[in-house]
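First the structure, in the form of structure tokens, and then the observations on it.
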Amino acid sequence: MIIEGQIRKMITEIAHPIQYYMDLNGDFLDVNQQLGKKIQLTHDHNVCVGCGFDKSLFRMGFCKNCFFTLPQANENILRPELSTAHLGIEKRDLAWEKTFELQPHIVYLAASAEVKVGVTRASQLPTRWIDQGASAAIILAKTNNRYEAGMIEVALKEHLTDKTSYQRMLKNEILSVDLVQMKEKMKLFVPEAFAQFISEDDSVTVLDYPVMQFPKKIQSLKLDNHNVYEGTLVGIKAQYWIFEDQTVWNVRAHEGRYVKIEL
């Protein structure tokens, strides 16, 4: 069977283990059901997630023009402290920016190979934690908008990383840490102006991924220029497919590519 379409990040559903699905232009693939099976991936062409044209992709699935013009690729997507919608100041499209930025946001601590601090919209939990391959996570603060969350994150980045080591995460090199204790420690570094947003919810979310075999030495697969890869799927973690030969495919990094998947 062959299904094909534009790659977008996998849809996830929290369960034990986490359930993964792909929507390829209406063709849905239950990825968990493919574990232990041989799969062939073929890059066909590109479809920019912004304009929809077959162009060379620059970043985040966007062609270069869309990346530098659309609000969905705005600088505060990666750096929330640069958000200005709460001031009524437009960067690219104020109406879009208000919708995206002026909603409840979460500052969280997530454990994987190390503890990281991150920001996401409240509506994106636990999806954000799953997409990063966190083994466990806890809410540190709940804010009214993106700027407030970004400012807390900036303060905590003096003490914690804001990056995930994808190789160590995929190898399942998990740090043993008490996130409740870590939260208590990090609360001390929240600026006084934003201390009101600290969450009293100390529940820890533990995440279980469908992996039969973790890689020991990672080989990253980049599908481009009509290349083809074939391998046996043995795991899914974060937004990665893990294959038996220790090849890993970052699905999210391939957004905008049109791929044929032969099962």
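As shown in the structure tokens, the chain order sets the letters A, B, ...; within each chain, residues go from 1, and ligands are also counted from 1 in the order they appear.
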
May I have all residues of region 66-186 of chain A that DSSP, computed from the backbone, assigns to alpha helix (DSSP H), given as a VMD selection string?
chain A and resid 66 to 67 94 to 101 127 to 131 146 to 156 166 to 170 179 to 186

Nearby residues (only C-alpha atoms) at most 8 Å from Glu153 (chain A), same-chain spacing under 5 positions excluded, as a list in words:
Val107, Val117, Gly118 and Val119 of chain A

Write to file, as an mmCIF file, in the first residue's frame, the residues of the selection just made, with N, CA, C and O atoms.
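After the write, again33.cif holds the following:
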```cif
data_model
loop_
_atom_site.group_PDB
_atom_site.id
_atom_site.type_symbol
_atom_site.label_atom_id
_atom_site.label_comp_id
_atom_site.auth_asym_id
_atom_site.auth_seq_id
_atom_site.Cartn_x
_atom_site.Cartn_y
_atom_site.Cartn_z
ATOM 1 N N VAL A 107 4.695 28.070 31.263
ATOM 2 C CA VAL A 107 6.136 27.882 31.414
ATOM 3 C C VAL A 107 6.306 26.541 32.123
ATOM 4 O O VAL A 107 5.678 26.311 33.162
ATOM 5 N N VAL A 117 13.787 24.285 30.362
ATOM 6 C CA VAL A 117 12.645 25.163 30.565
ATOM 7 C C VAL A 117 12.074 25.493 29.200
ATOM 8 O O VAL A 117 12.808 25.627 28.211
ATOM 9 N N GLY A 118 10.758 25.595 29.114
ATOM 10 C CA GLY A 118 10.131 25.895 27.838
ATOM 11 C C GLY A 118 8.832 26.658 28.012
ATOM 12 O O GLY A 118 8.300 26.784 29.119
ATOM 13 N N VAL A 119 8.327 27.164 26.888
ATOM 14 C CA VAL A 119 7.077 27.935 26.853
ATOM 15 C C VAL A 119 6.184 27.358 25.763
ATOM 16 O O VAL A 119 6.651 26.994 24.677
#
```

Which polymer residues have any atom within 12 Å of an atom of region 178-188 of chain A, counting only C-alpha atoms, with same-chain residues fewer than 6 positions away left out, as a PDB file with C-alpha atoms, in the first residue's frame?
```
ATOM      1  CA  VAL A 107       6.136  27.882  31.414  1.00  0.00           C
ATOM      2  CA  TYR A 108       7.216  24.314  32.115  1.00  0.00           C
ATOM      3  CA  LEU A 109      10.117  22.157  33.192  1.00  0.00           C
ATOM      4  CA  ALA A 110      10.666  18.999  31.143  1.00  0.00           C
ATOM      5  CA  ALA A 111      13.056  16.140  31.889  1.00  0.00           C
ATOM      6  CA  SER A 112      14.854  14.145  29.247  1.00  0.00           C
ATOM      7  CA  GLU A 114      18.576  17.023  31.246  1.00  0.00           C
ATOM      8  CA  VAL A 115      15.979  19.410  32.608  1.00  0.00           C
ATOM      9  CA  LYS A 116      14.928  22.175  30.239  1.00  0.00           C
ATOM     10  CA  VAL A 117      12.645  25.163  30.565  1.00  0.00           C
ATOM     11  CA  SER A 135      10.168  11.655  29.845  1.00  0.00           C
ATOM     12  CA  ALA A 136       8.324  13.779  32.419  1.00  0.00           C
ATOM     13  CA  ALA A 137       7.176  17.391  32.782  1.00  0.00           C
ATOM     14  CA  ILE A 138       5.689  19.815  35.290  1.00  0.00           C
ATOM     15  CA  ILE A 139       3.979  23.211  34.977  1.00  0.00           C
ATOM     16  CA  LEU A 140       5.932  26.047  36.589  1.00  0.00           C
ATOM     17  CA  ALA A 141       3.728  29.026  35.688  1.00  0.00           C
ATOM     18  CA  ILE A 152       9.940  34.041  32.930  1.00  0.00           C
ATOM     19  CA  GLU A 153      11.713  31.698  30.533  1.00  0.00           C
ATOM     20  CA  ALA A 155      15.120  34.461  33.684  1.00  0.00           C
ATOM     21  CA  LEU A 156      15.222  30.686  34.087  1.00  0.00           C
ATOM     22  CA  LYS A 157      17.556  30.210  31.121  1.00  0.00           C
ATOM     23  CA  GLU A 158      20.264  31.604  33.373  1.00  0.00           C
ATOM     24  CA  HIS A 159      19.989  28.326  35.306  1.00  0.00           C
ATOM     25  CA  LEU A 160      18.557  25.750  32.877  1.00  0.00           C
ATOM     26  CA  PHE A 194       5.784  37.667  37.295  1.00  0.00           C
ATOM     27  CA  ALA A 195       5.697  35.682  40.572  1.00  0.00           C
ATOM     28  CA  GLN A 196       1.891  35.910  40.587  1.00  0.00           C
ATOM     29  CA  PHE A 197       1.802  33.443  37.697  1.00  0.00           C
ATOM     30  CA  ILE A 198       3.561  30.590  39.514  1.00  0.00           C
ATOM     31  CA  SER A 199       1.327  27.520  39.432  1.00  0.00           C
ATOM     32  CA  GLU A 200       0.320  25.619  42.558  1.00  0.00           C
ATOM     33  CA  ASP A 201      -0.214  22.508  40.448  1.00  0.00           C
ATOM     34  CA  ASP A 202       2.706  20.206  41.286  1.00  0.00           C
ATOM     35  CA  SER A 203       1.459  17.193  39.348  1.00  0.00           C
ATOM     36  CA  VAL A 204       4.068  15.516  37.170  1.00  0.00           C
ATOM     37  CA  THR A 205       3.111  14.094  33.776  1.00  0.00           C
ATOM     38  CA  VAL A 206       5.068  10.944  32.885  1.00  0.00           C
TER      39      VAL A 206
END
```

Report as a ChimeraX atom specification: the residues of region 1-230 of chain A with a DSSP assignment of strand (DSSP E or B), based on the backbone of this structure.
/A:2-6,11-13,19-24,27-30,38-46,57-59,62-63,105-111,115-121,136-143,161,198,204-206,211,219-221,228-230

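Here the question is which of A:Asn76, A:Ala113, A:Gln246, A:Asn32 gets nearest to His16 (chain A) using only C-alpha atoms, and that residue is A:Asn32.
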
8 Å contact set for region 40-53 of chain A, only C-alpha atoms, chain neighbours under 5 positions out, as a list of chain:residue names:
A:Gln6, A:Gly61, A:Phe62, A:Cys63, A:Cys66, A:Leu70, A:Leu223, A:Asp224, A:Asn225, A:His226, A:Asn227, A:Val228, A:Tyr229, A:Glu230, A:Gly231, A:Glu255, A:Gly256, A:Arg257, A:Tyr258, A:Val259, A:Lys260, A:Ile261, A:Glu262, A:Leu263

Could you turn the residues from that selection into a file that holds N, CA, C and O atoms, as a CSV table (one decimal), in the first residue's frame?
```csv
chain,number,residue,atom,x,y,z
A,6,GLN,N,1.7,15.8,1.7
A,6,GLN,CA,2.6,16.8,2.4
A,6,GLN,C,2.8,16.4,3.8
A,6,GLN,O,1.9,16.2,4.6
A,61,GLY,N,9.3,24.4,7.1
A,61,GLY,CA,8.4,24.0,6.0
A,61,GLY,C,8.0,25.2,5.1
A,61,GLY,O,7.2,25.0,4.2
A,62,PHE,N,8.6,26.4,5.4
A,62,PHE,CA,8.3,27.5,4.6
A,62,PHE,C,9.3,27.8,3.5
A,62,PHE,O,10.5,27.5,3.7
A,63,CYS,N,8.9,28.3,2.3
A,63,CYS,CA,9.9,28.8,1.4
A,63,CYS,C,10.5,30.1,2.0
A,63,CYS,O,10.0,30.6,3.0
A,66,CYS,N,8.0,33.1,2.3
A,66,CYS,CA,7.0,32.9,3.3
A,66,CYS,C,7.6,33.0,4.7
A,66,CYS,O,7.0,33.6,5.7
A,70,LEU,N,5.4,35.8,6.6
A,70,LEU,CA,4.2,35.3,7.3
A,70,LEU,C,4.4,35.4,8.8
A,70,LEU,O,5.4,35.1,9.4
A,223,LEU,N,15.3,13.5,3.8
A,223,LEU,CA,14.6,13.2,2.6
A,223,LEU,C,14.5,14.5,1.7
A,223,LEU,O,13.9,15.4,2.1
A,224,ASP,N,15.2,14.4,0.6
A,224,ASP,CA,15.3,15.6,-0.3
A,224,ASP,C,15.7,15.1,-1.7
A,224,ASP,O,16.3,14.1,-1.8
A,225,ASN,N,15.5,15.9,-2.7
A,225,ASN,CA,16.0,15.7,-4.0
A,225,ASN,C,15.6,14.3,-4.5
A,225,ASN,O,16.4,13.6,-5.1
A,226,HIS,N,14.4,13.9,-4.2
A,226,HIS,CA,13.8,12.6,-4.7
A,226,HIS,C,14.6,11.4,-4.2
A,226,HIS,O,14.6,10.3,-4.8
A,227,ASN,N,15.2,11.5,-3.0
A,227,ASN,CA,15.9,10.3,-2.5
A,227,ASN,C,14.9,9.3,-1.8
A,227,ASN,O,13.8,9.7,-1.5
A,228,VAL,N,15.4,8.1,-1.7
A,228,VAL,CA,14.5,7.0,-1.2
A,228,VAL,C,15.3,6.3,0.0
A,228,VAL,O,16.5,6.2,0.0
A,229,TYR,N,14.5,6.0,1.0
A,229,TYR,CA,15.0,5.2,2.2
A,229,TYR,C,14.0,4.1,2.5
A,229,TYR,O,12.8,4.2,2.4
A,230,GLU,N,14.6,2.9,2.9
A,230,GLU,CA,13.8,1.8,3.3
A,230,GLU,C,14.4,1.2,4.6
A,230,GLU,O,15.6,1.0,4.7
A,231,GLY,N,13.5,0.9,5.5
A,231,GLY,CA,14.0,0.3,6.8
A,231,GLY,C,12.8,-0.2,7.6
A,231,GLY,O,11.6,0.0,7.3
A,255,GLU,N,8.5,19.0,7.4
A,255,GLU,CA,7.3,19.6,7.0
A,255,GLU,C,7.4,20.3,5.7
A,255,GLU,O,8.4,21.0,5.5
A,256,GLY,N,6.4,20.2,4.9
A,256,GLY,CA,6.4,20.8,3.6
A,256,GLY,C,6.9,19.9,2.4
A,256,GLY,O,6.6,20.2,1.3
A,257,ARG,N,7.6,18.9,2.8
A,257,ARG,CA,8.0,17.9,1.7
A,257,ARG,C,6.9,17.0,1.4
A,257,ARG,O,6.2,16.5,2.3
A,258,TYR,N,6.7,16.7,0.2
A,258,TYR,CA,5.7,15.8,-0.3
A,258,TYR,C,6.3,14.4,-0.4
A,258,TYR,O,7.3,14.2,-1.2
A,259,VAL,N,5.8,13.4,0.4
A,259,VAL,CA,6.5,12.1,0.5
A,259,VAL,C,5.5,11.0,0.2
A,259,VAL,O,4.4,11.1,0.6
A,260,LYS,N,6.1,10.0,-0.4
A,260,LYS,CA,5.3,8.7,-0.6
A,260,LYS,C,5.8,7.7,0.4
A,260,LYS,O,7.0,7.5,0.6
A,261,ILE,N,4.8,7.1,1.1
A,261,ILE,CA,5.1,6.1,2.1
A,261,ILE,C,4.6,4.8,1.7
A,261,ILE,O,3.4,4.6,1.5
A,262,GLU,N,5.5,3.8,1.4
A,262,GLU,CA,5.0,2.5,1.0
A,262,GLU,C,5.1,1.5,2.1
A,262,GLU,O,6.2,1.4,2.8
A,263,LEU,N,4.0,0.9,2.4
A,263,LEU,CA,3.9,0.0,3.6
A,263,LEU,C,3.8,-1.4,3.1
A,263,LEU,O,3.2,-1.7,2.1
```

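Nearest to Arg128 (chain A) of all the residues A:Glu13, A:Asp245, A:Glu4, A:Glu75 is A:Glu13, counting only C-alpha atoms.
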